[in-house]
Structure formats: C-alpha cells, structure tokens
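Q: Following this message is one structure expressed as structure tokens.
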Amino acid sequence: MDHEAVRAVDPAVADALEAEVERQRNSLQMIASENHVSEAVLGAQGSALTNKYAEGYPGARYYGGCEHADTVENLAIERAKELFGAEHVNVQPHSGTQANQAVYYAMLDPGDKILSLDLNHGGHLSHGHPANFTGQLYEVEQYEVDAETGYIDYDGLAEQAEAFEPDIIVSGYSAYPREIEWETIQSVADTVDALHLADIAHITGLVAAGVHDSPVGVADFVTGSTHKTIRAGRGGIVMTSEAYADDIDSAVFPGGQGGPLMHNVAGKAVGFGEALEPAFEEYAAQTVANANALGETLVDHGFSLVSGGTDNHLVLVDLRESHPDTSGGDAEDALEAADIVLNANTVPDETRSPFDPSGIRAGTPALTTRGFDEDDVRLVGELIARVVDAPEDETVRESVREDVADLCAANPLYE
Ligand SMILES: *Cc1c(COP(=O)(O)O)cnc(C)c1O
C-alpha cells in the first residue's frame, strides 16, 4: 500500500498509516462491524472529489462544476436501487447514525415517541440512548430480547407498542445474531399506527446479497451503513418509497448536513458496483457459514452463545457461566494481546457494567474478505478458546500469535 505522497510531506502520518495497514494485515479483525474495502474503493475515497462542494442533489446543485459529482452520485443511487430494490435512495448521509437522524428529523417532532431495542440487548445508541440526541429530544421506551431464548420478544414488543403508542418503531440491531422478522414488526407498527424504521447497518451486505430477508418494501424507512457487511467505504444510506422521498432528501440536506462527502459517495458507487457482481453473493453466504462455524467451535469448547447460535455474520458470547471470573473486557484485552481483535459487549440481562460487560461479540465479515473459510475459522475459534481459558498466560498468547501469523500469511490482505 503506497503512501508515498503522504510520506513526502508528512512522515509522522505516513508512519501511522502504514502501521495501520500492517496491523490489519497481521492480526485478525473480528469486530463485527468492520471489514476491508477493496483498493478500488480506497482509490475512489482518496480522490479529488474530496475537493468538490456539491450541496443539493444531482441536477439540482447549489454550486457549479458538479457534472462529474452528478455522474458519481447517480451511479451510487442507481446501483443501490438495483441492489436493494428500493424506490428512493439517498446516498449522502455521512454515517449510519446520520441516516437515522434524517429519518427522525423528517418524521418526528421533539417529544414524539420512539420504541426501540434496549442497547444492552443489542440495540444502537442512535435508537434512543440517553447519551444520544435521540434520548434527549424524544420520549423513548425500549423492548427486549427474551432472556431465555435470546430472540426478540415479538409478543412483548406488540404489548408494549399497544400500551406506549409510539410514533416510530425501530428495528435492526448492533449485536443480534438472529434473522429479524421485519413483517412481524411491520404488523405491530400497522396495528398501533406507527412508522417503522428498519436499520440494517450491520447486515446491509447480507440483505443486498439476499442471505438475510430484506425490509425494503416492508418498513417505511430502511437505513444502513456502507462499511460493515457491504464494502463500500464509511458512510450511510437511507432507502424509502417515493411518498417520503422529498421529506428524507431535505432532512439529509439541508436539514442535517452540509455538502456531501463526494469522495465517499464515489466509494459507495464503487462498492455497490462490486456488490452487484455474483462473487458478492458468495462472499455474503461464506460470511454467514463462517460465523456458524465459529459459533459451533466456541460451543464445542464450552462457551455459551446468546440465542445458542447465529443466522448472520456475528456471534455474541456470554461468558458468565463458562468463565465467571473473566469479564468481556478481560477477554478482549487478552485476545488483542494475542492478535485477535474483537470487542467486549453487553449481553441480555447484563449484570456487570456497560464499560466492562459480560460478553464478547465476534464477527466474520473481515476475515471472510481476506479469504478465510470454515476450516480457518474453526481454528480461529480454537485460538479464542485457548486465550480466554487462560487469559493471563503469556505462553499461550505467544503460541496463539504464531498461529495467527500463519493464518494471516495464508490469507494476505492488500498485497
Ligand atoms: C453501526 C450501526 C449504525 C451506524 O453507525 P455509524 O458509526 O454512525 O456509521 C447504526 N445503527 C446500527 C444498528 C449500527 O449497528
């Protein structure tokens, strides 16, 4: 990876950029929300479009010179429409959170009611957490997963919706390993006359590839990130029907953002184009197969998984029974010291603090991008078990680091 232009003027930044490439190459990236984009996407993002102001939308900009910006944004929109079968797409949100912000800003007034999944049960900050603007501007109630099964408690959600009468119900989650029943949630929304926002940030790629059911055409609004299971570079997207198109567009700009990050819109165009290739379906299916193999291996080694397994790209491990003296933070630290990077995560009915919770979340999107198959991932599961079984043991870490290095060398990244 060539950072020569940066190095010529700024060796300190160039060193850090190169060190980051090396870190990604030489350790296992298992944070479930991360992935590796192609060099084509990196190239589009690192292009001269970063210089261009393009406030407005294709054909209706507030600045001159937007001809090529229009071409790029139209490609991103058309490809997203084809991928997801959406009627209307806005590719300008700077992030998934800002995609959600656009929906709330377009459809809600301060004080309106949001019903969303509890953060500790797999929800997201932008769904009404007190630390986020959503928790401060709106009235929020939260639903939960069933503590026994780990699945969304759809009956509980329906009862809660009848009592709370929300203006919007939010589905789509950050740490939920199971298929989401969009239609069930839509029928709850219909019953209580609420809007439905399906936030597919984590599973954008799985939905695009058809390996997870799609909420497009079911929910009123579908938001997503473009850098998790789809490899289109950092950013967000909103999809909706023609009926809400103008509301959403003006909530994104000028409602919540200024000029779009056109270099990132170019990244989205390239990444969506890649996702339209047949190889992407294979990638998404392999990502899910790998998460299954990882989950099975961890269960074989005595770990418990929330919901017992996975239907998607991630597993959520509850350490409380198998490793009562090891917190999620302890496990995360020990694994990072062994070159396996994932994150501590809360689990349903969390008994520790959110800053050092009882679980770890592990995903396979990035490993699958660099070529890992089920056998590789089973070995990764064994390595995770070895480290978490002996989190203080430097000899174990040392030998796991060697196995990680072999796996990385066999599956090179950014050659
Ligand atoms: C990751 C995520 C987002 C978006 O996050 P950004 O960091 O703002 O791009 C939104 N919703 C959910 C459920 C997520 O998991």
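Identifiers for the structure tokens are assigned positionally: chains receive A, B, ... in sequence, residues are indexed from 1 per chain, and ligands are indexed from 1 in the order shown.
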Which residues come within 7 Å of region 146-152 of chain A, counting only C-alpha atoms, excluding same-chain residues fewer than 6 positions away, as a list in words?

A: Val306, Ser307, Pro348 and Asp349 of chain A

Q: Can you list every residue in region 130-172 of chain A that DSSP puts in alpha helix (DSSP H), as an MDAnalysis selection string?

A: chainID A and resid 133:137 154:164

Q: What are the closest atom pairs, with distances in Å to one decimal, for all residues of chain A lying within 7 Å of ligand 1? Consider only C-alpha atoms and all ligand atoms, order rows by chain and residue number, and present the result as a Markdown table.

A:
```
| residue | atom | partner | partner_atom_place_in_ligand_line | distance |
| --- | --- | --- | --- | --- |
| A:Ser33 | CA | ligand 1 | 1 (C) | 6.3 |
| A:Ser95 | CA | ligand 1 | 9 (O) | 3.9 |
| A:Gly96 | CA | ligand 1 | 4 (C) | 3.5 |
| A:Thr97 | CA | ligand 1 | 8 (O) | 3.6 |
| A:Gln98 | CA | ligand 1 | 8 (O) | 6.3 |
| A:Gly123 | CA | ligand 1 | 13 (C) | 6.2 |
| A:His124 | CA | ligand 1 | 13 (C) | 4.9 |
| A:Ser126 | CA | ligand 1 | 10 (C) | 6.5 |
| A:Gly172 | CA | ligand 1 | 13 (C) | 5.6 |
| A:Tyr173 | CA | ligand 1 | 13 (C) | 4.0 |
| A:Ser174 | CA | ligand 1 | 15 (O) | 3.7 |
| A:Asp199 | CA | ligand 1 | 13 (C) | 5.7 |
| A:Ile200 | CA | ligand 1 | 13 (C) | 6.5 |
| A:Ala201 | CA | ligand 1 | 14 (C) | 4.7 |
| A:His202 | CA | ligand 1 | 15 (O) | 5.1 |
| A:Gly224 | CA | ligand 1 | 10 (C) | 6.7 |
| A:Ser225 | CA | ligand 1 | 9 (O) | 5.3 |
| A:Arg234 | CA | ligand 1 | 9 (O) | 6.9 |
| A:Gly235 | CA | ligand 1 | 9 (O) | 5.9 |
| A:Gly236 | CA | ligand 1 | 9 (O) | 6.1 |
```

Q: Residues of the last selection are to be written out with all heavy atoms, as a short mmCIF file (atom, residue, chain, number, x, y, z; two decimals), in the first residue's frame.

A:
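The new file result_28.cif reads:
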```cif
data_model
loop_
_atom_site.label_atom_id
_atom_site.label_comp_id
_atom_site.auth_asym_id
_atom_site.auth_seq_id
_atom_site.Cartn_x
_atom_site.Cartn_y
_atom_site.Cartn_z
N SER A 33 -18.57 -5.13 13.14
CA SER A 33 -18.99 -4.00 12.30
C SER A 33 -17.88 -3.55 11.35
O SER A 33 -18.04 -2.54 10.68
CB SER A 33 -19.40 -2.84 13.20
OG SER A 33 -18.41 -2.61 14.18
N SER A 95 -22.85 8.95 7.83
CA SER A 95 -22.69 7.73 8.63
C SER A 95 -24.07 7.11 8.83
O SER A 95 -25.10 7.72 8.48
CB SER A 95 -22.09 8.06 9.99
OG SER A 95 -23.07 8.69 10.80
N GLY A 96 -24.08 5.94 9.41
CA GLY A 96 -25.35 5.28 9.71
C GLY A 96 -26.17 6.09 10.71
O GLY A 96 -27.40 6.19 10.60
N THR A 97 -25.49 6.66 11.69
CA THR A 97 -26.19 7.48 12.68
C THR A 97 -26.86 8.66 12.00
O THR A 97 -28.00 9.03 12.33
CB THR A 97 -25.20 7.95 13.76
OG1 THR A 97 -24.75 6.79 14.48
CG2 THR A 97 -25.83 8.94 14.73
N GLN A 98 -26.18 9.27 11.04
CA GLN A 98 -26.78 10.42 10.36
C GLN A 98 -27.91 10.01 9.42
O GLN A 98 -28.82 10.80 9.17
CB GLN A 98 -25.71 11.26 9.69
CG GLN A 98 -25.12 12.19 10.77
CD GLN A 98 -23.96 13.01 10.30
OE1 GLN A 98 -22.90 12.45 10.03
NE2 GLN A 98 -24.15 14.29 10.22
N GLY A 123 -29.33 -3.22 20.87
CA GLY A 123 -29.73 -2.01 20.13
C GLY A 123 -28.55 -1.09 19.85
O GLY A 123 -27.39 -1.45 20.07
N HIS A 124 -28.85 0.12 19.34
CA HIS A 124 -27.78 1.07 18.98
C HIS A 124 -28.02 2.41 19.65
O HIS A 124 -29.16 2.79 19.90
CB HIS A 124 -27.75 1.25 17.45
CG HIS A 124 -26.54 2.01 16.96
ND1 HIS A 124 -26.59 3.33 16.57
CD2 HIS A 124 -25.25 1.62 16.82
CE1 HIS A 124 -25.38 3.72 16.19
NE2 HIS A 124 -24.54 2.71 16.33
N SER A 126 -28.03 5.30 18.55
CA SER A 126 -28.87 6.23 17.77
C SER A 126 -30.34 5.81 17.74
O SER A 126 -31.13 6.36 16.98
CB SER A 126 -28.34 6.35 16.34
OG SER A 126 -28.45 5.11 15.67
N GLY A 172 -33.77 -3.57 13.67
CA GLY A 172 -32.40 -3.59 13.15
C GLY A 172 -31.45 -3.26 14.29
O GLY A 172 -31.69 -2.32 15.04
N TYR A 173 -30.36 -4.06 14.42
CA TYR A 173 -29.62 -4.05 15.68
C TYR A 173 -28.11 -4.14 15.46
O TYR A 173 -27.65 -4.39 14.36
CB TYR A 173 -30.12 -5.23 16.54
CG TYR A 173 -31.64 -5.34 16.52
CD1 TYR A 173 -32.27 -6.40 15.86
CD2 TYR A 173 -32.42 -4.34 17.09
CE1 TYR A 173 -33.66 -6.49 15.81
CE2 TYR A 173 -33.81 -4.41 17.04
CZ TYR A 173 -34.43 -5.48 16.40
OH TYR A 173 -35.79 -5.55 16.33
N SER A 174 -27.37 -3.96 16.59
CA SER A 174 -25.90 -3.98 16.53
C SER A 174 -25.29 -5.27 17.03
O SER A 174 -24.13 -5.55 16.72
CB SER A 174 -25.33 -2.85 17.39
OG SER A 174 -25.71 -1.61 16.88
N ASP A 199 -33.27 -0.48 10.59
CA ASP A 199 -31.86 -0.05 10.50
C ASP A 199 -31.01 -1.28 10.24
O ASP A 199 -30.73 -2.05 11.16
CB ASP A 199 -31.48 0.66 11.81
CG ASP A 199 -30.02 1.03 11.88
OD1 ASP A 199 -29.26 0.67 10.96
OD2 ASP A 199 -29.63 1.68 12.87
N ILE A 200 -30.60 -1.46 8.98
CA ILE A 200 -29.85 -2.68 8.62
C ILE A 200 -28.34 -2.44 8.64
O ILE A 200 -27.59 -3.19 7.98
CB ILE A 200 -30.30 -3.25 7.25
CG1 ILE A 200 -30.08 -2.23 6.11
CG2 ILE A 200 -31.76 -3.68 7.30
CD1 ILE A 200 -30.25 -2.83 4.71
N ALA A 201 -27.88 -1.43 9.41
CA ALA A 201 -26.45 -1.07 9.41
C ALA A 201 -25.52 -2.29 9.39
O ALA A 201 -24.59 -2.36 8.58
CB ALA A 201 -26.13 -0.19 10.61
N HIS A 202 -25.78 -3.25 10.29
CA HIS A 202 -24.87 -4.39 10.38
C HIS A 202 -25.01 -5.34 9.20
O HIS A 202 -24.03 -5.97 8.79
CB HIS A 202 -25.10 -5.17 11.68
CG HIS A 202 -24.07 -4.87 12.70
ND1 HIS A 202 -23.00 -5.68 12.95
CD2 HIS A 202 -23.94 -3.80 13.51
CE1 HIS A 202 -22.25 -5.14 13.88
NE2 HIS A 202 -22.79 -3.99 14.25
N GLY A 224 -28.97 2.27 6.54
CA GLY A 224 -27.86 1.33 6.63
C GLY A 224 -26.54 2.05 6.70
O GLY A 224 -26.46 3.26 6.48
N SER A 225 -25.52 1.29 7.05
CA SER A 225 -24.16 1.80 6.91
C SER A 225 -23.60 1.14 5.66
O SER A 225 -24.10 0.12 5.20
CB SER A 225 -23.32 1.45 8.13
OG SER A 225 -23.22 0.05 8.23
N ARG A 234 -16.77 4.00 4.41
CA ARG A 234 -17.50 4.52 5.56
C ARG A 234 -18.61 5.47 5.13
O ARG A 234 -18.38 6.39 4.34
CB ARG A 234 -16.52 5.25 6.47
CG ARG A 234 -17.02 5.53 7.86
CD ARG A 234 -15.86 5.62 8.83
NE ARG A 234 -15.27 4.30 8.97
CZ ARG A 234 -15.72 3.38 9.84
NH1 ARG A 234 -16.69 3.66 10.66
NH2 ARG A 234 -15.16 2.19 9.89
N GLY A 235 -19.82 5.25 5.63
CA GLY A 235 -20.91 6.15 5.30
C GLY A 235 -22.26 5.55 5.62
O GLY A 235 -22.35 4.47 6.20
N GLY A 236 -23.31 6.27 5.24
CA GLY A 236 -24.68 5.81 5.49
C GLY A 236 -25.54 5.94 4.26
O GLY A 236 -25.12 6.52 3.23
#
```

Q: In Å, with one decimal, what is the gap from CA of Phe372 (chain A) to CA of Leu305 (chain A)?

A: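 Interatomic distance, CA of Phe372 (chain A) to CA of Leu305 (chain A): 21.6 Å.
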
Q: Quick one: everything within 6 Å of region 106-110 of chain A, counting only C-alpha atoms, minus sequence neighbours fewer than 5 positions away in the same chain. Send it as a list of chain:residue names.

A: A:Leu137, A:Tyr138, A:Asp247, A:Ile248, A:Ala251

Q: Taking only region 8-173 of chain A into account, list the residues labelled strand (DSSP E) by DSSP (computed from the backbone), as a list in words.

A: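 Selecting the strand (DSSP E) positions of region 8-173 of chain A gives Leu28, Gln29, Gly56, Tyr57, Ala60, Arg61, His88, Val89, Asn90, Lys113, Ile114, Leu115, Ser116, Leu117, Glu139, Val140, Glu141, Gln142, Tyr143, Ile168, Ile169, Val170 and Ser171 of chain A.
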
Q: Suppose we keep C-alpha atoms; can you now write the selection as a PDB file, in the first residue's frame?

A:
```pdb
ATOM      1  CA  LEU A  28      -7.467 -10.978  12.956  1.00  0.00           C
ATOM      2  CA  GLN A  29     -10.106  -8.265  12.579  1.00  0.00           C
ATOM      3  CA  GLY A  56     -28.019  19.650  -3.293  1.00  0.00           C
ATOM      4  CA  TYR A  57     -28.748  16.609  -5.416  1.00  0.00           C
ATOM      5  CA  ALA A  60     -30.085  20.482  -8.700  1.00  0.00           C
ATOM      6  CA  ARG A  61     -26.901  21.681  -7.011  1.00  0.00           C
ATOM      7  CA  HIS A  88     -35.863   6.020  -3.490  1.00  0.00           C
ATOM      8  CA  VAL A  89     -32.286   6.118  -2.216  1.00  0.00           C
ATOM      9  CA  ASN A  90     -30.271   8.874  -0.551  1.00  0.00           C
ATOM     10  CA  LYS A 113     -42.232   8.588  20.898  1.00  0.00           C
ATOM     11  CA  ILE A 114     -39.651   6.027  19.778  1.00  0.00           C
ATOM     12  CA  LEU A 115     -39.915   2.331  20.622  1.00  0.00           C
ATOM     13  CA  SER A 116     -36.587   0.554  20.084  1.00  0.00           C
ATOM     14  CA  LEU A 117     -34.473  -2.332  21.346  1.00  0.00           C
ATOM     15  CA  GLU A 139     -39.632  10.049  24.511  1.00  0.00           C
ATOM     16  CA  VAL A 140     -38.149   6.584  24.346  1.00  0.00           C
ATOM     17  CA  GLU A 141     -39.256   3.156  25.515  1.00  0.00           C
ATOM     18  CA  GLN A 142     -37.296   0.047  24.787  1.00  0.00           C
ATOM     19  CA  TYR A 143     -38.185  -3.540  24.052  1.00  0.00           C
ATOM     20  CA  ILE A 168     -41.986   5.134  15.270  1.00  0.00           C
ATOM     21  CA  ILE A 169     -40.762   1.613  15.953  1.00  0.00           C
ATOM     22  CA  VAL A 170     -37.095   0.953  15.260  1.00  0.00           C
ATOM     23  CA  SER A 171     -35.879  -2.496  14.246  1.00  0.00           C
TER      24      SER A 171
END
```

Q: Identify, on the basis of only C-alpha atoms, every residue whose closest approach to Asp373 (chain A) does not exceed 10 Å; exclude the query and any residue fewer than 3 positions from it along the same chain; express the result as a CSV table (one decimal) with all heavy atoms, in the first residue's frame.

A:
```csv
chain,number,residue,atom,x,y,z
A,286,GLN,N,-20.6,-17.0,2.5
A,286,GLN,CA,-19.5,-17.6,3.2
A,286,GLN,C,-19.3,-16.9,4.5
A,286,GLN,O,-18.9,-17.5,5.5
A,286,GLN,CB,-18.2,-17.4,2.3
A,286,GLN,CG,-16.9,-18.0,2.9
A,286,GLN,CD,-17.0,-19.5,2.9
A,286,GLN,OE1,-17.4,-20.1,1.9
A,286,GLN,NE2,-16.8,-20.2,4.1
A,287,THR,N,-19.6,-15.6,4.6
A,287,THR,CA,-19.5,-14.9,5.9
A,287,THR,C,-20.4,-15.5,6.9
A,287,THR,O,-20.0,-15.7,8.1
A,287,THR,CB,-19.9,-13.4,5.6
A,287,THR,OG1,-19.0,-12.8,4.7
A,287,THR,CG2,-19.9,-12.6,6.9
A,289,ALA,N,-21.7,-18.7,6.7
A,289,ALA,CA,-21.2,-20.0,7.0
A,289,ALA,C,-20.0,-20.0,8.0
A,289,ALA,O,-19.9,-20.8,8.9
A,289,ALA,CB,-20.8,-20.7,5.7
A,290,ASN,N,-19.2,-19.0,7.8
A,290,ASN,CA,-18.0,-18.8,8.8
A,290,ASN,C,-18.5,-18.5,10.2
A,290,ASN,O,-17.9,-19.0,11.1
A,290,ASN,CB,-17.1,-17.8,8.2
A,290,ASN,CG,-16.2,-18.2,7.1
A,290,ASN,OD1,-16.2,-19.4,6.8
A,290,ASN,ND2,-15.5,-17.3,6.4
A,293,ALA,N,-19.6,-21.6,11.7
A,293,ALA,CA,-18.5,-22.5,12.1
A,293,ALA,C,-17.8,-22.0,13.4
A,293,ALA,O,-17.4,-22.8,14.2
A,293,ALA,CB,-17.5,-22.6,10.9
A,364,THR,N,-17.5,-12.3,11.4
A,364,THR,CA,-16.6,-12.8,10.3
A,364,THR,C,-16.5,-12.0,9.0
A,364,THR,O,-15.9,-12.5,8.1
A,364,THR,CB,-17.1,-14.3,10.0
A,364,THR,OG1,-18.6,-14.2,9.7
A,364,THR,CG2,-16.9,-15.2,11.1
A,367,LEU,N,-12.7,-11.3,8.1
A,367,LEU,CA,-11.9,-12.5,7.9
A,367,LEU,C,-12.3,-13.1,6.5
A,367,LEU,O,-11.5,-13.6,5.8
A,367,LEU,CB,-12.1,-13.5,9.0
A,367,LEU,CG,-11.6,-13.2,10.4
A,367,LEU,CD1,-11.8,-14.4,11.3
A,367,LEU,CD2,-10.2,-12.7,10.4
A,368,THR,N,-13.6,-13.1,6.3
A,368,THR,CA,-14.1,-13.7,5.0
A,368,THR,C,-13.6,-12.9,3.8
A,368,THR,O,-13.2,-13.5,2.8
A,368,THR,CB,-15.6,-13.8,5.0
A,368,THR,OG1,-16.1,-14.4,6.3
A,368,THR,CG2,-16.2,-14.6,3.9
A,369,THR,N,-13.5,-11.6,3.9
A,369,THR,CA,-13.0,-10.8,2.8
A,369,THR,C,-11.6,-11.2,2.5
A,369,THR,O,-11.2,-11.3,1.3
A,369,THR,CB,-13.0,-9.3,3.2
A,369,THR,OG1,-14.4,-8.9,3.2
A,369,THR,CG2,-12.3,-8.4,2.2
A,370,ARG,N,-10.8,-11.5,3.5
A,370,ARG,CA,-9.4,-11.9,3.2
A,370,ARG,C,-9.2,-13.4,2.8
A,370,ARG,O,-8.1,-13.9,2.7
A,370,ARG,CB,-8.4,-11.4,4.2
A,370,ARG,CG,-8.6,-11.9,5.6
A,370,ARG,CD,-7.7,-11.2,6.6
A,370,ARG,NE,-6.3,-11.5,6.3
A,370,ARG,CZ,-5.3,-10.9,7.0
A,370,ARG,NH1,-5.5,-10.1,8.0
A,370,ARG,NH2,-4.0,-11.2,6.7
A,376,ASP,N,-10.6,-22.5,8.4
A,376,ASP,CA,-9.7,-21.4,9.0
A,376,ASP,C,-10.4,-20.9,10.3
A,376,ASP,O,-9.8,-20.6,11.3
A,376,ASP,CB,-9.5,-20.3,8.1
A,376,ASP,CG,-8.8,-20.7,6.8
A,376,ASP,OD1,-7.9,-21.5,6.9
A,376,ASP,OD2,-9.1,-20.1,5.7
A,377,VAL,N,-11.7,-20.7,10.1
A,377,VAL,CA,-12.5,-20.0,11.2
A,377,VAL,C,-12.6,-21.0,12.4
A,377,VAL,O,-12.6,-20.6,13.6
A,377,VAL,CB,-13.8,-19.5,10.7
A,377,VAL,CG1,-14.8,-19.2,11.8
A,377,VAL,CG2,-13.6,-18.3,9.8
A,378,ARG,N,-12.7,-22.3,12.1
A,378,ARG,CA,-12.7,-23.3,13.3
A,378,ARG,C,-11.4,-23.1,14.0
A,378,ARG,O,-11.4,-23.2,15.3
A,378,ARG,CB,-12.9,-24.7,12.8
A,378,ARG,CG,-14.4,-25.0,12.4
A,378,ARG,CD,-14.6,-26.5,12.2
A,378,ARG,NE,-15.9,-26.5,11.4
A,378,ARG,CZ,-15.9,-26.7,10.1
A,378,ARG,NH1,-14.9,-26.9,9.4
A,378,ARG,NH2,-17.1,-26.7,9.5
```

Q: Could you check which of A:Val216, A:Val387, A:Ala54, A:Ala275 is closest to Arg79 (chain A), using only C-alpha atoms?

A: A:Ala275

Q: My list of candidates is A:Tyr244, A:Phe253, A:Tyr283, A:Phe355. Which is closest to Gln92 (chain A) when distances are computed with only C-alpha atoms?

A: A:Phe253
